[in-house]
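Chemist: Just one file: entry_37.cif, with mmCIF, C-alpha atoms, pLDDT in the B column; chains and numbers go by the auth columns.
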data_upload
#
loop_
_atom_site.group_PDB
_atom_site.id
_atom_site.type_symbol
_atom_site.label_atom_id
_atom_site.label_comp_id
_atom_site.label_asym_id
_atom_site.label_seq_id
_atom_site.Cartn_x
_atom_site.Cartn_y
_atom_site.Cartn_z
_atom_site.B_iso_or_equiv
_atom_site.auth_seq_id
_atom_site.auth_asym_id
ATOM 1 C CA MET A 1 0.000 0.000 0.000 59.00 20 A
ATOM 2 C CA GLU A 2 1.291 3.442 -0.896 65.00 21 A
ATOM 3 C CA TRP A 3 0.141 6.707 0.699 66.00 22 A
ATOM 4 C CA VAL A 4 -0.943 9.720 -1.369 71.00 23 A
ATOM 5 C CA THR A 5 -0.029 12.879 0.540 74.00 24 A
ATOM 6 C CA GLU A 6 -0.431 16.608 0.196 76.00 25 A
ATOM 7 C CA PRO A 7 2.662 18.876 0.240 81.00 26 A
ATOM 8 C CA ASP A 8 2.239 19.367 4.000 76.00 27 A
ATOM 9 C CA GLY A 9 2.445 15.597 4.535 68.00 28 A
ATOM 10 C CA ARG A 10 -1.255 15.042 5.262 68.00 29 A
ATOM 11 C CA ILE A 11 -2.452 11.686 3.899 66.00 30 A
ATOM 12 C CA VAL A 12 -5.381 12.143 1.528 68.00 31 A
ATOM 13 C CA ASN A 13 -5.652 8.704 -0.084 67.00 32 A
ATOM 14 C CA TYR A 14 -3.897 5.398 -0.656 66.00 33 A
ATOM 15 C CA LYS A 15 -3.015 3.188 -3.617 66.00 34 A
ATOM 16 C CA LEU A 16 -2.808 -0.561 -3.788 67.00 35 A
ATOM 17 C CA GLU A 17 -0.270 -2.101 -6.150 69.00 36 A
ATOM 18 C CA GLY A 18 -1.847 -2.713 -9.555 69.00 37 A
ATOM 19 C CA GLU A 19 -5.114 -1.027 -8.612 71.00 38 A
ATOM 20 C CA THR A 20 -6.580 1.550 -10.970 78.00 39 A
ATOM 21 C CA LEU A 21 -9.398 4.008 -10.345 79.00 40 A
ATOM 22 C CA PHE A 22 -11.602 1.960 -12.690 82.00 41 A
ATOM 23 C CA ARG A 23 -10.839 -1.243 -10.752 79.00 42 A
ATOM 24 C CA ARG A 24 -11.568 0.411 -7.390 80.00 43 A
ATOM 25 C CA ILE A 25 -14.926 1.778 -8.616 87.00 44 A
ATOM 26 C CA ALA A 26 -15.837 -1.516 -10.292 88.00 45 A
ATOM 27 C CA ASP A 27 -15.044 -3.501 -7.116 88.00 46 A
ATOM 28 C CA VAL A 28 -17.263 -1.238 -5.028 90.00 47 A
ATOM 29 C CA TYR A 29 -20.197 -1.512 -7.436 95.00 48 A
ATOM 30 C CA VAL A 30 -19.780 -5.294 -7.809 95.00 49 A
ATOM 31 C CA ALA A 31 -19.891 -5.685 -4.007 95.00 50 A
ATOM 32 C CA TYR A 32 -22.744 -3.173 -3.680 96.00 51 A
ATOM 33 C CA PHE A 33 -24.880 -5.073 -6.213 97.00 52 A
ATOM 34 C CA TYR A 34 -24.147 -8.354 -4.431 97.00 53 A
ATOM 35 C CA ASN A 35 -24.992 -6.885 -1.016 97.00 54 A
ATOM 36 C CA THR A 36 -28.244 -5.239 -2.128 97.00 55 A
ATOM 37 C CA VAL A 37 -29.610 -7.741 -4.676 97.00 56 A
ATOM 38 C CA VAL A 38 -27.743 -11.018 -5.199 97.00 57 A
ATOM 39 C CA THR A 39 -27.409 -11.971 -1.519 97.00 58 A
ATOM 40 C CA TYR A 40 -31.220 -12.141 -1.226 97.00 59 A
ATOM 41 C CA ILE A 41 -31.733 -14.489 -4.203 96.00 60 A
ATOM 42 C CA PRO A 42 -32.852 -17.823 -2.692 94.00 61 A
ATOM 43 C CA PHE A 43 -30.472 -20.040 -4.694 94.00 62 A
ATOM 44 C CA HIS A 44 -26.957 -20.883 -3.497 92.00 63 A
ATOM 45 C CA PHE A 45 -25.660 -21.527 -7.002 94.00 64 A
ATOM 46 C CA ILE A 46 -26.525 -17.958 -8.090 96.00 65 A
ATOM 47 C CA ARG A 47 -24.849 -16.345 -5.069 96.00 66 A
ATOM 48 C CA LEU A 48 -21.765 -18.565 -5.362 97.00 67 A
ATOM 49 C CA GLY A 49 -21.612 -18.116 -9.141 97.00 68 A
ATOM 50 C CA TYR A 50 -21.661 -14.326 -8.804 97.00 69 A
ATOM 51 C CA LEU A 51 -18.852 -14.375 -6.229 97.00 70 A
ATOM 52 C CA ARG A 52 -16.781 -16.754 -8.367 97.00 71 A
ATOM 53 C CA LEU A 53 -17.373 -14.619 -11.452 96.00 72 A
ATOM 54 C CA PHE A 54 -15.823 -11.616 -9.708 95.00 73 A
ATOM 55 C CA GLY A 55 -12.771 -13.374 -8.295 93.00 74 A
ATOM 56 C CA ALA A 56 -13.675 -15.311 -5.142 96.00 75 A
ATOM 57 C CA LYS A 57 -12.264 -18.824 -4.993 97.00 76 A
ATOM 58 C CA ILE A 58 -14.948 -21.082 -3.511 97.00 77 A
ATOM 59 C CA GLY A 59 -14.758 -24.875 -3.148 97.00 78 A
ATOM 60 C CA LYS A 60 -17.396 -27.525 -3.791 97.00 79 A
ATOM 61 C CA GLY A 61 -20.245 -28.154 -1.382 96.00 80 A
ATOM 62 C CA THR A 62 -20.027 -24.662 0.106 97.00 81 A
ATOM 63 C CA ALA A 63 -23.129 -22.705 1.090 97.00 82 A
ATOM 64 C CA ILE A 64 -23.322 -18.965 1.760 97.00 83 A
ATOM 65 C CA ASN A 65 -26.755 -18.176 3.137 97.00 84 A
ATOM 66 C CA ARG A 66 -28.938 -15.188 2.314 97.00 85 A
ATOM 67 C CA GLY A 67 -28.176 -11.773 3.718 97.00 86 A
ATOM 68 C CA THR A 68 -24.423 -12.321 3.982 97.00 87 A
ATOM 69 C CA GLY A 69 -22.535 -9.192 2.922 97.00 88 A
ATOM 70 C CA VAL A 70 -19.150 -9.236 1.237 97.00 89 A
ATOM 71 C CA TRP A 71 -16.501 -6.609 0.479 93.00 90 A
ATOM 72 C CA SER A 72 -13.325 -7.046 -1.605 91.00 91 A
ATOM 73 C CA ILE A 73 -14.670 -10.187 -3.264 94.00 92 A
ATOM 74 C CA GLN A 74 -11.404 -10.920 -5.092 92.00 93 A
ATOM 75 C CA TYR A 75 -9.587 -11.494 -1.761 91.00 94 A
ATOM 76 C CA ILE A 76 -11.908 -14.282 -0.554 96.00 95 A
ATOM 77 C CA VAL A 77 -10.778 -17.928 -0.603 97.00 96 A
ATOM 78 C CA ILE A 78 -13.191 -20.551 0.774 98.00 97 A
ATOM 79 C CA GLY A 79 -12.571 -24.312 0.874 97.00 98 A
ATOM 80 C CA ASN A 80 -14.873 -27.277 0.349 98.00 99 A
ATOM 81 C CA ASN A 81 -17.988 -28.038 2.413 98.00 100 A
ATOM 82 C CA VAL A 82 -18.108 -24.697 4.224 98.00 101 A
ATOM 83 C CA SER A 83 -21.366 -23.393 5.659 98.00 102 A
ATOM 84 C CA ILE A 84 -21.709 -19.633 6.218 98.00 103 A
ATOM 85 C CA GLY A 85 -24.905 -18.657 8.033 97.00 104 A
ATOM 86 C CA PHE A 86 -27.453 -15.937 7.435 97.00 105 A
ATOM 87 C CA ARG A 87 -26.528 -12.223 7.689 97.00 106 A
ATOM 88 C CA CYS A 88 -22.764 -12.700 8.106 98.00 107 A
ATOM 89 C CA LEU A 89 -20.202 -10.111 7.000 97.00 108 A
ATOM 90 C CA LEU A 90 -17.069 -11.052 5.049 97.00 109 A
ATOM 91 C CA ASP A 91 -14.941 -7.902 4.794 93.00 110 A
ATOM 92 C CA ALA A 92 -11.884 -9.179 2.944 90.00 111 A
ATOM 93 C CA ARG A 93 -9.882 -5.962 2.460 85.00 112 A
ATOM 94 C CA ALA A 94 -6.726 -7.699 3.713 85.00 113 A
ATOM 95 C CA GLY A 95 -7.804 -11.182 2.628 89.00 114 A
ATOM 96 C CA ILE A 96 -9.883 -13.995 4.102 95.00 115 A
ATOM 97 C CA ALA A 97 -8.902 -17.659 3.711 96.00 116 A
ATOM 98 C CA ILE A 98 -11.303 -20.290 5.055 97.00 117 A
ATOM 99 C CA GLY A 99 -10.330 -23.974 5.042 97.00 118 A
ATOM 100 C CA ASP A 100 -12.458 -27.074 4.439 98.00 119 A
ATOM 101 C CA ASP A 101 -15.407 -28.255 6.557 98.00 120 A
ATOM 102 C CA VAL A 102 -15.855 -24.979 8.432 98.00 121 A
ATOM 103 C CA VAL A 103 -19.142 -23.870 10.007 98.00 122 A
ATOM 104 C CA ILE A 104 -19.706 -20.146 10.523 98.00 123 A
ATOM 105 C CA ALA A 105 -22.969 -19.450 12.344 97.00 124 A
ATOM 106 C CA SER A 106 -25.377 -16.630 11.511 97.00 125 A
ATOM 107 C CA ASP A 107 -24.621 -12.954 12.194 97.00 126 A
ATOM 108 C CA THR A 108 -20.856 -13.515 12.440 98.00 127 A
ATOM 109 C CA GLN A 109 -18.574 -10.690 11.303 97.00 128 A
ATOM 110 C CA ILE A 110 -15.205 -11.512 9.743 97.00 129 A
ATOM 111 C CA ILE A 111 -13.336 -8.246 9.235 93.00 130 A
ATOM 112 C CA ALA A 112 -9.861 -8.256 7.668 89.00 131 A
ATOM 113 C CA GLY A 113 -7.980 -4.983 7.584 80.00 132 A
ATOM 114 C CA GLY A 114 -8.476 -1.929 9.713 79.00 133 A
ATOM 115 C CA HIS A 115 -7.515 1.677 10.238 78.00 134 A
ATOM 116 C CA ASP A 116 -4.615 3.525 11.832 74.00 135 A
ATOM 117 C CA ILE A 117 -6.093 4.723 15.143 77.00 136 A
ATOM 118 C CA ASN A 118 -3.219 7.164 15.682 76.00 137 A
ATOM 119 C CA HIS A 119 -3.727 9.011 12.404 74.00 138 A
ATOM 120 C CA PRO A 120 -6.123 12.000 12.559 74.00 139 A
ATOM 121 C CA ASN A 121 -7.966 10.787 9.427 73.00 140 A
ATOM 122 C CA PHE A 122 -8.086 7.084 10.466 76.00 141 A
ATOM 123 C CA VAL A 123 -6.590 6.024 7.133 71.00 142 A
ATOM 124 C CA PRO A 124 -6.510 2.311 6.216 71.00 143 A
ATOM 125 C CA ALA A 125 -3.720 0.594 8.111 67.00 144 A
ATOM 126 C CA PRO A 126 -1.139 -1.055 5.877 55.00 145 A
ATOM 127 C CA ASN A 127 1.100 -2.272 8.679 50.00 146 A
ATOM 128 C CA PRO A 128 0.527 -5.099 9.054 52.00 147 A
ATOM 129 C CA PRO A 129 -2.039 -5.947 6.384 63.00 148 A
ATOM 130 C CA ASP A 130 -2.761 -9.239 8.117 79.00 149 A
ATOM 131 C CA PRO A 131 -5.353 -11.517 6.542 88.00 150 A
ATOM 132 C CA ILE A 132 -7.751 -13.740 8.421 94.00 151 A
ATOM 133 C CA VAL A 133 -6.962 -17.438 8.128 96.00 152 A
ATOM 134 C CA ILE A 134 -9.488 -19.982 9.390 97.00 153 A
ATOM 135 C CA ASP A 135 -8.102 -23.516 9.237 97.00 154 A
ATOM 136 C CA ASP A 136 -10.049 -26.744 8.534 97.00 155 A
ATOM 137 C CA HIS A 137 -12.828 -28.091 10.788 97.00 156 A
ATOM 138 C CA VAL A 138 -13.436 -24.842 12.694 98.00 157 A
ATOM 139 C CA TRP A 139 -16.803 -23.900 14.183 98.00 158 A
ATOM 140 C CA ILE A 140 -17.542 -20.212 14.834 98.00 159 A
ATOM 141 C CA GLY A 141 -20.620 -19.518 16.977 97.00 160 A
ATOM 142 C CA SER A 142 -23.347 -16.946 16.323 97.00 161 A
ATOM 143 C CA ARG A 143 -22.521 -13.252 16.428 97.00 162 A
ATOM 144 C CA ALA A 144 -18.804 -13.771 16.927 98.00 163 A
ATOM 145 C CA MET A 145 -16.411 -11.209 15.471 97.00 164 A
ATOM 146 C CA VAL A 146 -13.129 -12.311 13.905 96.00 165 A
ATOM 147 C CA LEU A 147 -10.434 -9.685 13.351 93.00 166 A
ATOM 148 C CA PRO A 148 -7.069 -10.315 11.604 91.00 167 A
ATOM 149 C CA SER A 149 -5.812 -13.547 13.157 93.00 168 A
ATOM 150 C CA LEU A 150 -5.254 -17.270 12.607 95.00 169 A
ATOM 151 C CA ILE A 151 -7.821 -19.745 13.908 97.00 170 A
ATOM 152 C CA GLY A 152 -6.185 -23.167 14.162 96.00 171 A
ATOM 153 C CA ARG A 153 -7.505 -26.487 12.889 97.00 172 A
ATOM 154 C CA GLY A 154 -10.476 -27.874 14.796 97.00 173 A
ATOM 155 C CA ALA A 155 -10.929 -24.826 17.020 97.00 174 A
ATOM 156 C CA VAL A 156 -14.299 -23.642 18.340 98.00 175 A
ATOM 157 C CA VAL A 157 -15.150 -19.956 18.820 98.00 176 A
ATOM 158 C CA ALA A 158 -18.010 -19.388 21.270 97.00 177 A
ATOM 159 C CA ALA A 159 -20.970 -17.174 20.411 97.00 178 A
ATOM 160 C CA HIS A 160 -20.470 -13.412 20.889 97.00 179 A
ATOM 161 C CA SER A 161 -16.677 -13.737 21.145 97.00 180 A
ATOM 162 C CA VAL A 162 -14.175 -11.292 19.657 97.00 181 A
ATOM 163 C CA VAL A 163 -11.141 -13.040 18.178 96.00 182 A
ATOM 164 C CA ASN A 164 -8.169 -10.718 17.714 93.00 183 A
ATOM 165 C CA LYS A 165 -5.248 -13.085 18.356 93.00 184 A
ATOM 166 C CA GLU A 166 -4.163 -16.518 17.208 95.00 185 A
ATOM 167 C CA VAL A 167 -6.366 -19.414 18.335 97.00 186 A
ATOM 168 C CA PRO A 168 -4.442 -22.695 18.860 97.00 187 A
ATOM 169 C CA PRO A 169 -5.590 -25.877 17.113 97.00 188 A
ATOM 170 C CA PHE A 170 -8.462 -27.679 18.881 97.00 189 A
ATOM 171 C CA ALA A 171 -8.870 -24.843 21.399 97.00 190 A
ATOM 172 C CA ILE A 172 -12.258 -23.633 22.559 98.00 191 A
ATOM 173 C CA VAL A 173 -12.218 -19.847 22.959 98.00 192 A
ATOM 174 C CA GLY A 174 -14.783 -17.391 24.243 97.00 193 A
ATOM 175 C CA GLY A 175 -15.191 -13.896 25.626 96.00 194 A
ATOM 176 C CA VAL A 176 -14.188 -10.367 24.731 94.00 195 A
ATOM 177 C CA PRO A 177 -11.370 -10.611 23.819 95.00 196 A
ATOM 178 C CA ALA A 178 -11.482 -14.364 23.162 96.00 197 A
ATOM 179 C CA LYS A 179 -9.442 -16.490 25.573 97.00 198 A
ATOM 180 C CA VAL A 180 -8.933 -20.233 25.736 97.00 199 A
ATOM 181 C CA ILE A 181 -11.676 -21.753 27.907 97.00 200 A
ATOM 182 C CA GLY A 182 -11.235 -25.401 26.963 96.00 201 A
ATOM 183 C CA GLU A 183 -9.853 -27.889 24.498 95.00 202 A
ATOM 184 C CA ARG A 184 -11.543 -30.306 22.083 94.00 203 A
ATOM 185 C CA ASN A 185 -10.651 -33.970 21.857 90.00 204 A
ATOM 186 C CA LYS A 186 -8.235 -34.564 19.004 82.00 205 A
#
Would it be possible to restate this file's structure as structure tokens?
Modeler:
Amino acid sequence: MEWVTEPDGRIVNYKLEGETLFRRIADVYVAYFYNTVVTYIPFHFIRLGYLRLFGAKIGKGTAINRGTGVWSIQYIVIGNNVSIGFRCLLDARAGIAIGDDVVIASDTQIIAGGHDINHPNFVPAPNPPDPIVIDDHVWIGSRAMVLPSLIGRGAVVAAHSVVNKEVPPFAIVGGVPAKVIGERNK
């Protein structure tokens, strides 16, 4: 990410490598149309086909239920046999990678990227542009929020938790912020 500054050093915008103004506008309208129209069409194959058409990589047997919003479609990678519940949010500005056989319950928010809280304009934070990686066989409970982190294989995230750090494999985490509260049988 490169900053666009004024002569006095104030950041006014940013550029991503290889991104053009046309591409940025097109990506916003593609996501907007999905979030206002396509997400409410009651057929999985139409929703998945639209996301694949605009750059998402989605495996076989995956279901994304109605009302789920997406941003930065081209940075989404979803494995096989994944179930994403109703009204979830996939904000993939820094990338989201979801493994195989993952269950994400309804109303969950997965938000990659963020803003620089120390900058007066809260510009997008490039350092670090950490993606969200959710390994295989993970279950994320209803209304959880996942921020840039790694959720290990077989982990369980309790409902209403906020994940902002790495979750070890087979751990059960819960709370705000999420802490290990148990361990699954391997």
Chemist: To verify the selection step, state as a list in words which residues the PyMOL selection byres ((chain A and resi 166-168) around 9) yields on this input.
Modeler: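 On this input, the PyMOL selection byres ((chain A and resi 166-168) around 9) captures Ala113, Ile115, Gln128, Ile129, Ile130, Ala131, Gly132, Gly133, Pro148, Asp149, Pro150, Ile151, Val152, Ile153, Met164, Val165, Leu169, Ile170, Val181, Val182, Asn183, Lys184, Glu185 and Val186 of chain A.
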Chemist: Using the chain letters and numbers from this file, what does the PyMOL selection byres ((chain A and resi 200) around 10) select? Give the answer as a VMD selection string.
Modeler: chain A and resid 176 to 177 190 to 194 197 to 199 201 to 202
Chemist: Rounded to one decimal, what separation in Å do you get between CA of Arg66 in chain A and CA of Ile83 in chain A?
Modeler: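 The value is 7.5 Å.
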Chemist: Let me have the centre and edge lengths of the axis-aligned box enclosing all listed atoms of range 67-81 of chain A with 6 Å padding on every side, in Å to one decimal, as lines of an AutoDock Vina configuration file.
Modeler:
center_x = -17.0
center_y = -19.9
center_z = -5.7
size_x = 21.5
size_y = 28.5
size_z = 23.6
Chemist: For CA of Ile117 in chain A and CA of Val96 in chain A, determine how far apart the two atoms are, in Å to one decimal place.
Modeler: 6.2 Å
Chemist: Mind pulling up the distance from CA of Val157 in chain A to CA of Pro188 in chain A?
Modeler: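 A separation of 9.1 Å between them.
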Chemist: Expand the PyMOL selection byres ((chain A and resi 97) around 9) into the individual residues it matches in the shown file, reporting them as a PyMOL selection string.
Modeler: chain A and resi 75-78+81+95-96+98-99+101+115-119
Chemist: How would the residues just chosen look if you wrote them out with C-alpha atoms as a short mmCIF file (atom, residue, chain, number, x, y, z; two decimals), in the coordinates of the input?
Modeler:
data_model
loop_
_atom_site.label_atom_id
_atom_site.label_comp_id
_atom_site.auth_asym_id
_atom_site.auth_seq_id
_atom_site.Cartn_x
_atom_site.Cartn_y
_atom_site.Cartn_z
CA ALA A 75 -13.68 -15.31 -5.14
CA LYS A 76 -12.26 -18.82 -4.99
CA ILE A 77 -14.95 -21.08 -3.51
CA GLY A 78 -14.76 -24.88 -3.15
CA THR A 81 -20.03 -24.66 0.11
CA ILE A 95 -11.91 -14.28 -0.55
CA VAL A 96 -10.78 -17.93 -0.60
CA GLY A 98 -12.57 -24.31 0.87
CA ASN A 99 -14.87 -27.28 0.35
CA VAL A 101 -18.11 -24.70 4.22
CA ILE A 115 -9.88 -14.00 4.10
CA ALA A 116 -8.90 -17.66 3.71
CA ILE A 117 -11.30 -20.29 5.06
CA GLY A 118 -10.33 -23.97 5.04
CA ASP A 119 -12.46 -27.07 4.44
#
Chemist: So, with all atoms listed in the file as the atoms that count, which of A:His134, A:Gly88, A:His179, A:Lys79 lies closest to Val195 in chain A?
Modeler: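 Answer, going by the shortest atom-to-atom distance: A:His179.
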Chemist: Kindly indicate which residue among A:Val89, A:Ile65, A:Leu109, A:Ala163 lies nearest to Pro196 in chain A, using only C-alpha atoms for the distances.
Modeler: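 Closest to Pro196 in chain A of all the choices is A:Ala163.
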Chemist: Within 8 Å of (-24.2, -17.1, -1.2), all atoms listed in the file: residues as a PDB file with C-alpha atoms, keeping the file's coordinate frame?
Modeler:
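part_13.pdb was written with the following content:
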ATOM      1  CA  THR A  58     -27.409 -11.971  -1.519  1.00 97.00           C
ATOM      2  CA  PHE A  62     -30.472 -20.040  -4.694  1.00 94.00           C
ATOM      3  CA  HIS A  63     -26.957 -20.883  -3.497  1.00 92.00           C
ATOM      4  CA  PHE A  64     -25.660 -21.527  -7.002  1.00 94.00           C
ATOM      5  CA  ILE A  65     -26.525 -17.958  -8.090  1.00 96.00           C
ATOM      6  CA  ARG A  66     -24.849 -16.345  -5.069  1.00 96.00           C
ATOM      7  CA  LEU A  67     -21.765 -18.565  -5.362  1.00 97.00           C
ATOM      8  CA  LEU A  70     -18.852 -14.375  -6.229  1.00 97.00           C
ATOM      9  CA  ALA A  82     -23.129 -22.705   1.090  1.00 97.00           C
ATOM     10  CA  ILE A  83     -23.322 -18.965   1.760  1.00 97.00           C
ATOM     11  CA  ASN A  84     -26.755 -18.176   3.137  1.00 97.00           C
ATOM     12  CA  ARG A  85     -28.938 -15.188   2.314  1.00 97.00           C
ATOM     13  CA  THR A  87     -24.423 -12.321   3.982  1.00 97.00           C
TER      14      THR A  87
END
Chemist: Which residue gives the smallest distance to Thr55 in chain A among A:Cys107, A:Lys205, A:Ile92, A:Gly86, with only C-alpha atoms counted?
Modeler: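 Once distances to Thr55 in chain A are computed over only C-alpha atoms, the minimum belongs to A:Gly86.
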